[in-house]
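Okay, data-v1.cif now, which holds mmCIF, C-alpha atoms; chains and numbers go by the auth columns:
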data_model
#
loop_
_atom_site.group_PDB
_atom_site.id
_atom_site.type_symbol
_atom_site.label_atom_id
_atom_site.label_comp_id
_atom_site.label_asym_id
_atom_site.label_seq_id
_atom_site.Cartn_x
_atom_site.Cartn_y
_atom_site.Cartn_z
_atom_site.B_iso_or_equiv
_atom_site.auth_seq_id
_atom_site.auth_asym_id
ATOM 1 C CA MET A 1 -225.589 -33.648 -7.020 0.00 1 S
ATOM 2 C CA ALA A 2 -228.049 -30.990 -8.230 0.00 2 S
ATOM 3 C CA SER A 3 -227.503 -29.105 -4.979 0.00 3 S
ATOM 4 C CA ASN A 4 -223.752 -29.067 -5.675 0.00 4 S
ATOM 5 C CA ARG A 5 -224.308 -27.592 -9.132 0.00 5 S
ATOM 6 C CA GLN A 6 -226.433 -24.814 -7.675 0.00 6 S
ATOM 7 C CA GLN A 7 -223.710 -23.956 -5.159 0.00 7 S
ATOM 8 C CA ILE A 8 -221.059 -23.864 -7.872 0.00 8 S
ATOM 9 C CA ALA A 9 -223.249 -21.751 -10.157 0.00 9 S
ATOM 10 C CA SER A 10 -224.136 -19.347 -7.343 0.00 10 S
ATOM 11 C CA ALA A 11 -220.473 -18.677 -6.628 0.00 11 S
ATOM 12 C CA TRP A 12 -220.218 -16.983 -10.028 0.00 12 S
ATOM 13 C CA SER A 13 -223.634 -15.285 -9.975 0.00 13 S
ATOM 14 C CA PRO A 14 -222.312 -11.789 -9.096 0.00 14 S
ATOM 15 C CA LEU A 15 -220.490 -11.810 -12.432 0.00 15 S
ATOM 16 C CA ARG A 16 -223.908 -11.722 -14.129 0.00 16 S
ATOM 17 C CA GLU A 17 -224.235 -8.131 -12.905 0.00 17 S
ATOM 18 C CA PRO A 18 -222.625 -6.018 -15.672 0.00 18 S
ATOM 19 C CA LEU A 19 -221.285 -3.278 -13.392 0.00 19 S
ATOM 20 C CA PHE A 20 -219.852 -5.734 -10.847 0.00 20 S
ATOM 21 C CA ARG A 21 -218.331 -7.828 -13.644 0.00 21 S
ATOM 22 C CA ALA A 22 -216.699 -4.804 -15.281 0.00 22 S
ATOM 23 C CA LEU A 23 -215.301 -3.492 -11.997 0.00 23 S
ATOM 24 C CA TRP A 24 -214.168 -6.951 -10.913 0.00 24 S
ATOM 25 C CA ILE A 25 -212.243 -7.489 -14.159 0.00 25 S
ATOM 26 C CA ALA A 26 -210.770 -3.985 -13.887 0.00 26 S
ATOM 27 C CA ALA A 27 -209.775 -4.640 -10.257 0.00 27 S
ATOM 28 C CA VAL A 28 -208.058 -7.912 -11.165 0.00 28 S
ATOM 29 C CA ALA A 29 -206.143 -6.157 -13.969 0.00 29 S
ATOM 30 C CA SER A 30 -205.245 -3.298 -11.639 0.00 30 S
ATOM 31 C CA ASN A 31 -204.070 -5.692 -8.928 0.00 31 S
ATOM 32 C CA ILE A 32 -201.924 -7.553 -11.458 0.00 32 S
ATOM 33 C CA GLY A 33 -200.433 -4.195 -12.434 0.00 33 S
ATOM 34 C CA THR A 34 -199.750 -3.362 -8.800 0.00 34 S
ATOM 35 C CA TRP A 35 -197.918 -6.646 -8.211 0.00 35 S
ATOM 36 C CA MET A 36 -195.930 -6.081 -11.402 0.00 36 S
ATOM 37 C CA GLN A 37 -195.105 -2.579 -10.122 0.00 37 S
ATOM 38 C CA ASN A 38 -193.764 -4.037 -6.867 0.00 38 S
ATOM 39 C CA VAL A 39 -191.398 -6.293 -8.802 0.00 39 S
ATOM 40 C CA GLY A 40 -190.301 -3.460 -11.080 0.00 40 S
ATOM 41 C CA ALA A 41 -189.700 -1.053 -8.186 0.00 41 S
ATOM 42 C CA ALA A 42 -187.632 -3.555 -6.207 0.00 42 S
ATOM 43 C CA TRP A 43 -185.662 -4.454 -9.316 0.00 43 S
ATOM 44 C CA LEU A 44 -185.023 -0.815 -10.181 0.00 44 S
ATOM 45 C CA MET A 45 -183.850 -0.033 -6.659 0.00 45 S
ATOM 46 C CA THR A 46 -181.274 -2.820 -6.870 0.00 46 S
ATOM 47 C CA SER A 47 -179.676 -0.973 -9.776 0.00 47 S
ATOM 48 C CA LEU A 48 -180.099 2.568 -8.372 0.00 48 S
ATOM 49 C CA ALA A 49 -178.935 1.930 -4.802 0.00 49 S
ATOM 50 C CA PRO A 50 -178.015 -1.728 -4.303 0.00 50 S
ATOM 51 C CA THR A 51 -178.055 -1.741 -0.508 0.00 51 S
ATOM 52 C CA PRO A 52 -180.366 -3.957 1.540 0.00 52 S
ATOM 53 C CA THR A 53 -181.761 -0.901 3.343 0.00 53 S
ATOM 54 C CA MET A 54 -182.782 0.902 0.165 0.00 54 S
ATOM 55 C CA VAL A 55 -184.331 -2.209 -1.349 0.00 55 S
ATOM 56 C CA ALA A 56 -186.253 -2.799 1.903 0.00 56 S
ATOM 57 C CA LEU A 57 -187.440 0.816 1.859 0.00 57 S
ATOM 58 C CA VAL A 58 -189.302 0.083 -1.382 0.00 58 S
ATOM 59 C CA GLN A 59 -191.556 -2.349 0.466 0.00 59 S
ATOM 60 C CA ALA A 60 -191.832 0.069 3.394 0.00 60 S
ATOM 61 C CA ALA A 61 -192.912 2.864 1.032 0.00 61 S
ATOM 62 C CA THR A 62 -195.574 0.551 -0.391 0.00 62 S
ATOM 63 C CA SER A 63 -196.939 -0.562 2.992 0.00 63 S
ATOM 64 C CA LEU A 64 -196.515 2.497 5.224 0.00 64 S
ATOM 65 C CA PRO A 65 -199.462 4.399 3.708 0.00 65 S
ATOM 66 C CA VAL A 66 -201.835 1.641 4.854 0.00 66 S
ATOM 67 C CA VAL A 67 -200.605 2.078 8.420 0.00 67 S
ATOM 68 C CA LEU A 68 -200.888 5.859 8.210 0.00 68 S
ATOM 69 C CA VAL A 69 -204.262 6.297 6.488 0.00 69 S
ATOM 70 C CA ALA A 70 -206.292 3.099 6.911 0.00 70 S
ATOM 71 C CA LEU A 71 -208.635 4.561 9.534 0.00 71 S
ATOM 72 C CA PRO A 72 -209.078 7.970 7.895 0.00 72 S
ATOM 73 C CA ALA A 73 -209.566 6.280 4.508 0.00 73 S
ATOM 74 C CA GLY A 74 -212.392 4.184 5.925 0.00 74 S
ATOM 75 C CA ALA A 75 -214.043 7.284 7.379 0.00 75 S
ATOM 76 C CA VAL A 76 -213.682 9.157 4.086 0.00 76 S
ATOM 77 C CA ALA A 77 -215.213 6.223 2.205 0.00 77 S
ATOM 78 C CA ASP A 78 -218.220 6.414 4.543 0.00 78 S
ATOM 79 C CA ILE A 79 -218.881 10.146 4.085 0.00 79 S
ATOM 80 C CA VAL A 80 -218.133 10.860 0.414 0.00 80 S
ATOM 81 C CA ASP A 81 -219.464 9.463 -2.842 0.00 81 S
ATOM 82 C CA ARG A 82 -217.580 6.182 -3.114 0.00 82 S
ATOM 83 C CA ARG A 83 -217.668 6.136 -6.889 0.00 83 S
ATOM 84 C CA ALA A 84 -216.076 9.576 -7.012 0.00 84 S
ATOM 85 C CA LEU A 85 -213.481 8.481 -4.464 0.00 85 S
ATOM 86 C CA LEU A 86 -212.662 5.416 -6.578 0.00 86 S
ATOM 87 C CA LEU A 87 -212.209 7.615 -9.644 0.00 87 S
ATOM 88 C CA VAL A 88 -209.954 10.017 -7.741 0.00 88 S
ATOM 89 C CA THR A 89 -207.800 7.274 -6.217 0.00 89 S
ATOM 90 C CA GLN A 90 -207.508 5.379 -9.498 0.00 90 S
ATOM 91 C CA GLY A 91 -206.581 8.616 -11.281 0.00 91 S
ATOM 92 C CA TRP A 92 -204.016 9.379 -8.562 0.00 92 S
ATOM 93 C CA MET A 93 -202.419 5.955 -8.955 0.00 93 S
ATOM 94 C CA LEU A 94 -202.508 6.195 -12.753 0.00 94 S
ATOM 95 C CA ALA A 95 -200.689 9.547 -12.592 0.00 95 S
ATOM 96 C CA ALA A 96 -198.119 8.273 -10.087 0.00 96 S
ATOM 97 C CA ALA A 97 -197.373 5.102 -12.051 0.00 97 S
ATOM 98 C CA ALA A 98 -197.218 6.999 -15.357 0.00 98 S
ATOM 99 C CA GLY A 99 -194.915 9.643 -13.864 0.00 99 S
ATOM 100 C CA LEU A 100 -192.585 6.995 -12.521 0.00 100 S
ATOM 101 C CA GLY A 101 -192.724 5.134 -15.822 0.00 101 S
ATOM 102 C CA VAL A 102 -191.826 8.198 -17.872 0.00 102 S
ATOM 103 C CA LEU A 103 -189.005 9.200 -15.517 0.00 103 S
ATOM 104 C CA THR A 104 -187.657 5.663 -15.587 0.00 104 S
ATOM 105 C CA LEU A 105 -187.814 5.445 -19.378 0.00 105 S
ATOM 106 C CA LEU A 106 -185.948 8.775 -19.508 0.00 106 S
ATOM 107 C CA ASP A 107 -183.369 7.338 -17.094 0.00 107 S
ATOM 108 C CA ALA A 108 -184.122 10.184 -14.658 0.00 108 S
ATOM 109 C CA THR A 109 -185.323 8.156 -11.655 0.00 109 S
ATOM 110 C CA THR A 110 -183.315 8.478 -8.455 0.00 110 S
ATOM 111 C CA PRO A 111 -183.679 6.241 -5.395 0.00 111 S
ATOM 112 C CA TRP A 112 -185.629 8.945 -3.537 0.00 112 S
ATOM 113 C CA LEU A 113 -187.914 9.629 -6.502 0.00 113 S
ATOM 114 C CA LEU A 114 -188.622 5.910 -6.726 0.00 114 S
ATOM 115 C CA LEU A 115 -189.506 5.837 -3.026 0.00 115 S
ATOM 116 C CA THR A 116 -191.668 8.950 -3.358 0.00 116 S
ATOM 117 C CA PHE A 117 -193.661 7.563 -6.283 0.00 117 S
ATOM 118 C CA THR A 118 -193.936 4.177 -4.575 0.00 118 S
ATOM 119 C CA PHE A 119 -195.275 5.889 -1.446 0.00 119 S
ATOM 120 C CA ALA A 120 -197.751 7.844 -3.602 0.00 120 S
ATOM 121 C CA LEU A 121 -198.987 4.606 -5.166 0.00 121 S
ATOM 122 C CA GLY A 122 -199.341 3.033 -1.719 0.00 122 S
ATOM 123 C CA LEU A 123 -201.275 6.079 -0.540 0.00 123 S
ATOM 124 C CA GLY A 124 -203.668 5.743 -3.470 0.00 124 S
ATOM 125 C CA ALA A 125 -204.146 2.040 -2.755 0.00 125 S
ATOM 126 C CA ALA A 126 -204.758 2.696 0.951 0.00 126 S
ATOM 127 C CA MET A 127 -207.421 5.307 0.133 0.00 127 S
ATOM 128 C CA ASN A 128 -208.953 3.109 -2.583 0.00 128 S
ATOM 129 C CA ALA A 129 -209.382 -0.132 -0.623 0.00 129 S
ATOM 130 C CA PRO A 130 -212.130 0.921 1.838 0.00 130 S
ATOM 131 C CA ALA A 131 -214.175 2.558 -0.919 0.00 131 S
ATOM 132 C CA TRP A 132 -213.871 -0.526 -3.132 0.00 132 S
ATOM 133 C CA GLN A 133 -214.911 -2.864 -0.324 0.00 133 S
ATOM 134 C CA ALA A 134 -217.804 -0.629 0.732 0.00 134 S
ATOM 135 C CA ILE A 135 -219.194 -0.245 -2.785 0.00 135 S
ATOM 136 C CA ILE A 136 -219.688 -3.982 -3.342 0.00 136 S
ATOM 137 C CA PRO A 137 -223.105 -4.122 -1.593 0.00 137 S
ATOM 138 C CA GLU A 138 -224.279 -1.393 -3.996 0.00 138 S
ATOM 139 C CA LEU A 139 -223.334 -3.520 -7.012 0.00 139 S
ATOM 140 C CA VAL A 140 -224.903 -6.879 -6.182 0.00 140 S
ATOM 141 C CA SER A 141 -228.024 -8.137 -4.461 0.00 141 S
ATOM 142 C CA ARG A 142 -227.894 -9.096 -0.812 0.00 142 S
ATOM 143 C CA SER A 143 -228.120 -12.789 -1.712 0.00 143 S
ATOM 144 C CA GLU A 144 -225.024 -12.454 -3.942 0.00 144 S
ATOM 145 C CA LEU A 145 -222.938 -10.430 -1.500 0.00 145 S
ATOM 146 C CA ARG A 146 -221.140 -13.424 -0.014 0.00 146 S
ATOM 147 C CA SER A 147 -220.175 -14.675 -3.468 0.00 147 S
ATOM 148 C CA ALA A 148 -219.075 -11.186 -4.529 0.00 148 S
ATOM 149 C CA VAL A 149 -216.765 -10.883 -1.522 0.00 149 S
ATOM 150 C CA THR A 150 -215.379 -14.345 -2.270 0.00 150 S
ATOM 151 C CA LEU A 151 -214.800 -13.417 -5.919 0.00 151 S
ATOM 152 C CA ASN A 152 -212.932 -10.287 -4.833 0.00 152 S
ATOM 153 C CA GLY A 153 -210.648 -12.393 -2.651 0.00 153 S
ATOM 154 C CA ALA A 154 -210.122 -14.907 -5.430 0.00 154 S
ATOM 155 C CA GLY A 155 -209.359 -12.144 -7.925 0.00 155 S
ATOM 156 C CA TYR A 156 -206.823 -10.607 -5.567 0.00 156 S
ATOM 157 C CA ASN A 157 -205.108 -13.967 -5.055 0.00 157 S
ATOM 158 C CA VAL A 158 -205.003 -14.630 -8.800 0.00 158 S
ATOM 159 C CA ALA A 159 -203.371 -11.219 -9.254 0.00 159 S
ATOM 160 C CA ARG A 160 -200.937 -11.974 -6.444 0.00 160 S
ATOM 161 C CA ALA A 161 -199.899 -15.172 -8.236 0.00 161 S
ATOM 162 C CA VAL A 162 -199.794 -13.821 -11.798 0.00 162 S
ATOM 163 C CA GLY A 163 -198.562 -10.251 -11.233 0.00 163 S
ATOM 164 C CA PRO A 164 -195.039 -10.913 -9.912 0.00 164 S
ATOM 165 C CA ALA A 165 -194.334 -13.577 -12.536 0.00 165 S
ATOM 166 C CA LEU A 166 -195.597 -11.376 -15.342 0.00 166 S
ATOM 167 C CA GLY A 167 -193.742 -8.400 -13.862 0.00 167 S
ATOM 168 C CA GLY A 168 -190.503 -10.363 -13.833 0.00 168 S
ATOM 169 C CA LEU A 169 -190.929 -11.342 -17.468 0.00 169 S
ATOM 170 C CA ILE A 170 -191.673 -7.754 -18.490 0.00 170 S
ATOM 171 C CA VAL A 171 -188.767 -6.337 -16.476 0.00 171 S
ATOM 172 C CA ALA A 172 -186.472 -8.869 -18.153 0.00 172 S
ATOM 173 C CA ALA A 173 -187.817 -8.022 -21.617 0.00 173 S
ATOM 174 C CA GLY A 174 -188.424 -4.269 -21.412 0.00 174 S
ATOM 175 C CA GLY A 175 -187.098 -2.985 -18.110 0.00 175 S
ATOM 176 C CA PRO A 176 -188.879 -1.547 -15.076 0.00 176 S
ATOM 177 C CA GLY A 177 -190.138 1.510 -16.990 0.00 177 S
ATOM 178 C CA ALA A 178 -192.299 -0.752 -19.155 0.00 178 S
ATOM 179 C CA VAL A 179 -193.790 -2.340 -16.028 0.00 179 S
ATOM 180 C CA PHE A 180 -194.599 1.086 -14.565 0.00 180 S
ATOM 181 C CA ILE A 181 -196.332 2.203 -17.778 0.00 181 S
ATOM 182 C CA LEU A 182 -198.350 -1.029 -17.938 0.00 182 S
ATOM 183 C CA ASN A 183 -199.336 -0.529 -14.304 0.00 183 S
ATOM 184 C CA ALA A 184 -200.516 2.989 -15.141 0.00 184 S
ATOM 185 C CA LEU A 185 -202.658 1.578 -17.941 0.00 185 S
ATOM 186 C CA SER A 186 -204.123 -1.007 -15.561 0.00 186 S
ATOM 187 C CA PHE A 187 -205.801 1.786 -13.566 0.00 187 S
ATOM 188 C CA ALA A 188 -207.696 3.093 -16.597 0.00 188 S
ATOM 189 C CA GLY A 189 -210.245 0.251 -16.465 0.00 189 S
ATOM 190 C CA VAL A 190 -211.808 1.325 -13.193 0.00 190 S
#
Would you mind giving the structure from this file in structure tokens?
Amino acid sequence: MASNRQQIASAWSPLREPLFRALWIAAVASNIGTWMQNVGAAWLMTSLAPTPTMVALVQAATSLPVVLVALPAGAVADIVDRRALLLVTQGWMLAAAAGLGVLTLLDATTPWLLLTFTFALGLGAAMNAPAWQAIIPELVSRSELRSAVTLNGAGYNVARAVGPALGGLIVAAGGPGAVFILNALSFAGV
């Protein structure tokens, strides 16, 4: 029984590290924002160009950057200051989400602008992921690394469950522009 308690307590031990805790909370918020963004973008496309192809292109614009830059992004994360790279990618995504949010609130978003901004957000996420994963060993002790990786996975899955539902509620209440602005704000934490 005591052994079980130690295992449960050790699963949360990386959260005792202030920097890891702050970045983990910011990453969960940012991931929730990203999932909300996906809902808002798909919803907006259904009103801008309600064809199956255009709606499918939203998901393609989100995912294609990973295919295109995953390897180079990993190499970049290995040769540059990861913290600086995280700041640049988070700033990039904040600017892209804010730009899309403002254009949407002004009713100036076209299908191709939506795809362009969605691609830009995907590009930022693809460049951000290797740096985020590689920085974890710098934030926690070696003995806590396994728990930190597990917490990252758990945080991502929580965001994946909460983000779309919250995004749907916000789209229904305030429209996709509100979701895009909230997503932009979610990048400020990192």
- request: Starting from the displayed file, determine the output of the PyMOL selection byres ((chain S and resi 46) around 12) and express the residue list as a list in words.
  value: Val39, Gly40, Ala41, Ala42, Trp43, Leu44, Met45, Ser47, Leu48, Ala49, Pro50, Thr51, Pro52, Thr53, Met54, Val55, Ala56, Leu57, Val58, Thr110, Pro111, Leu114 and Pro176 of chain S
- prompt: In terms of the shortest atom-to-atom distance over only C-alpha atoms, which of S:Leu105, S:Val88, S:Leu68, S:Ile79 is closest to Gly175 (chain S)?
  reply: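 Among the listed residues, S:Leu105 lies closest to Gly175 (chain S).
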So which residues are close to (-220.3, -12.0, -2.5), meaning at most 10 Å away in the file's coordinates with only C-alpha atoms counted, and can you show them as a PDB file with C-alpha atoms, in the frame of the given file?
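Output saved as selection_0.pdb:
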ATOM      1  CA  SER S  10    -224.136 -19.347  -7.343  1.00  0.00           C
ATOM      2  CA  ALA S  11    -220.473 -18.677  -6.628  1.00  0.00           C
ATOM      3  CA  TRP S  12    -220.218 -16.983 -10.028  1.00  0.00           C
ATOM      4  CA  SER S  13    -223.634 -15.285  -9.975  1.00  0.00           C
ATOM      5  CA  PRO S  14    -222.312 -11.789  -9.096  1.00  0.00           C
ATOM      6  CA  LEU S  15    -220.490 -11.810 -12.432  1.00  0.00           C
ATOM      7  CA  ILE S 136    -219.688  -3.982  -3.342  1.00  0.00           C
ATOM      8  CA  PRO S 137    -223.105  -4.122  -1.593  1.00  0.00           C
ATOM      9  CA  VAL S 140    -224.903  -6.879  -6.182  1.00  0.00           C
ATOM     10  CA  SER S 141    -228.024  -8.137  -4.461  1.00  0.00           C
ATOM     11  CA  ARG S 142    -227.894  -9.096  -0.812  1.00  0.00           C
ATOM     12  CA  SER S 143    -228.120 -12.789  -1.712  1.00  0.00           C
ATOM     13  CA  GLU S 144    -225.024 -12.454  -3.942  1.00  0.00           C
ATOM     14  CA  LEU S 145    -222.938 -10.430  -1.500  1.00  0.00           C
ATOM     15  CA  ARG S 146    -221.140 -13.424  -0.014  1.00  0.00           C
ATOM     16  CA  SER S 147    -220.175 -14.675  -3.468  1.00  0.00           C
ATOM     17  CA  ALA S 148    -219.075 -11.186  -4.529  1.00  0.00           C
ATOM     18  CA  VAL S 149    -216.765 -10.883  -1.522  1.00  0.00           C
ATOM     19  CA  THR S 150    -215.379 -14.345  -2.270  1.00  0.00           C
ATOM     20  CA  LEU S 151    -214.800 -13.417  -5.919  1.00  0.00           C
ATOM     21  CA  ASN S 152    -212.932 -10.287  -4.833  1.00  0.00           C
ATOM     22  CA  GLY S 153    -210.648 -12.393  -2.651  1.00  0.00           C
TER      23      GLY S 153
END
- request: Between S:Ile25, S:Ile181, S:Met36, S:Ala73, single out the one closest to Ala165 (chain S), counting only C-alpha atoms.
  value: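 Distance minimum relative to Ala165 (chain S) lands on S:Met36.
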query: Taking into account all atoms listed in the file, which residue in the set S:Leu85, S:Ala188, S:Ala126, S:Ala178 is nearest to Gln37 (chain S)?
result: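 Answer, going by the shortest atom-to-atom distance: S:Ala178.
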field: Output of the PyMOL selection byres ((chain S and resi 166) around 12), listed as a ChimeraX atom specification
entry: /S:29,32-40,158-165,167-174,176,178-179,182-183
query: Interatomic distance between CA of Leu113 (chain S) and CA of Ala27 (chain S)?
result: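 CA of Ala27 (chain S) lies 26.4 Å from CA of Leu113 (chain S).
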message: Residues within 9 Å of Trp132 (chain S), please, as a ChimeraX atom specification. Count all atoms listed in the file; anything in the same chain fewer than 3 positions from it doesn't count.
response: /S:77,82-83,86,128-129,135-136
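Minimum distance to Ala184 (chain S) across S:Thr109, S:Thr116, S:Ser63, S:Ser30 (counting all atoms listed in the file) occurs at S:Ser30.
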query: Do you have the CA of Ala97 (chain S)-CA of Leu19 (chain S) distance handy?
result: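 Computing it gives 25.4 Å between the two atoms.
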field: Atom pair CA of Arg21 (chain S) / CA of Gln133 (chain S): separation (Å)
entry: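 It comes out at 14.6 Å.
When only C-alpha atoms are used to measure the gap to Val190 (chain S), the shortest distance among S:Leu94, S:Leu115, S:Ala61, S:Val76 belongs to S:Leu94.
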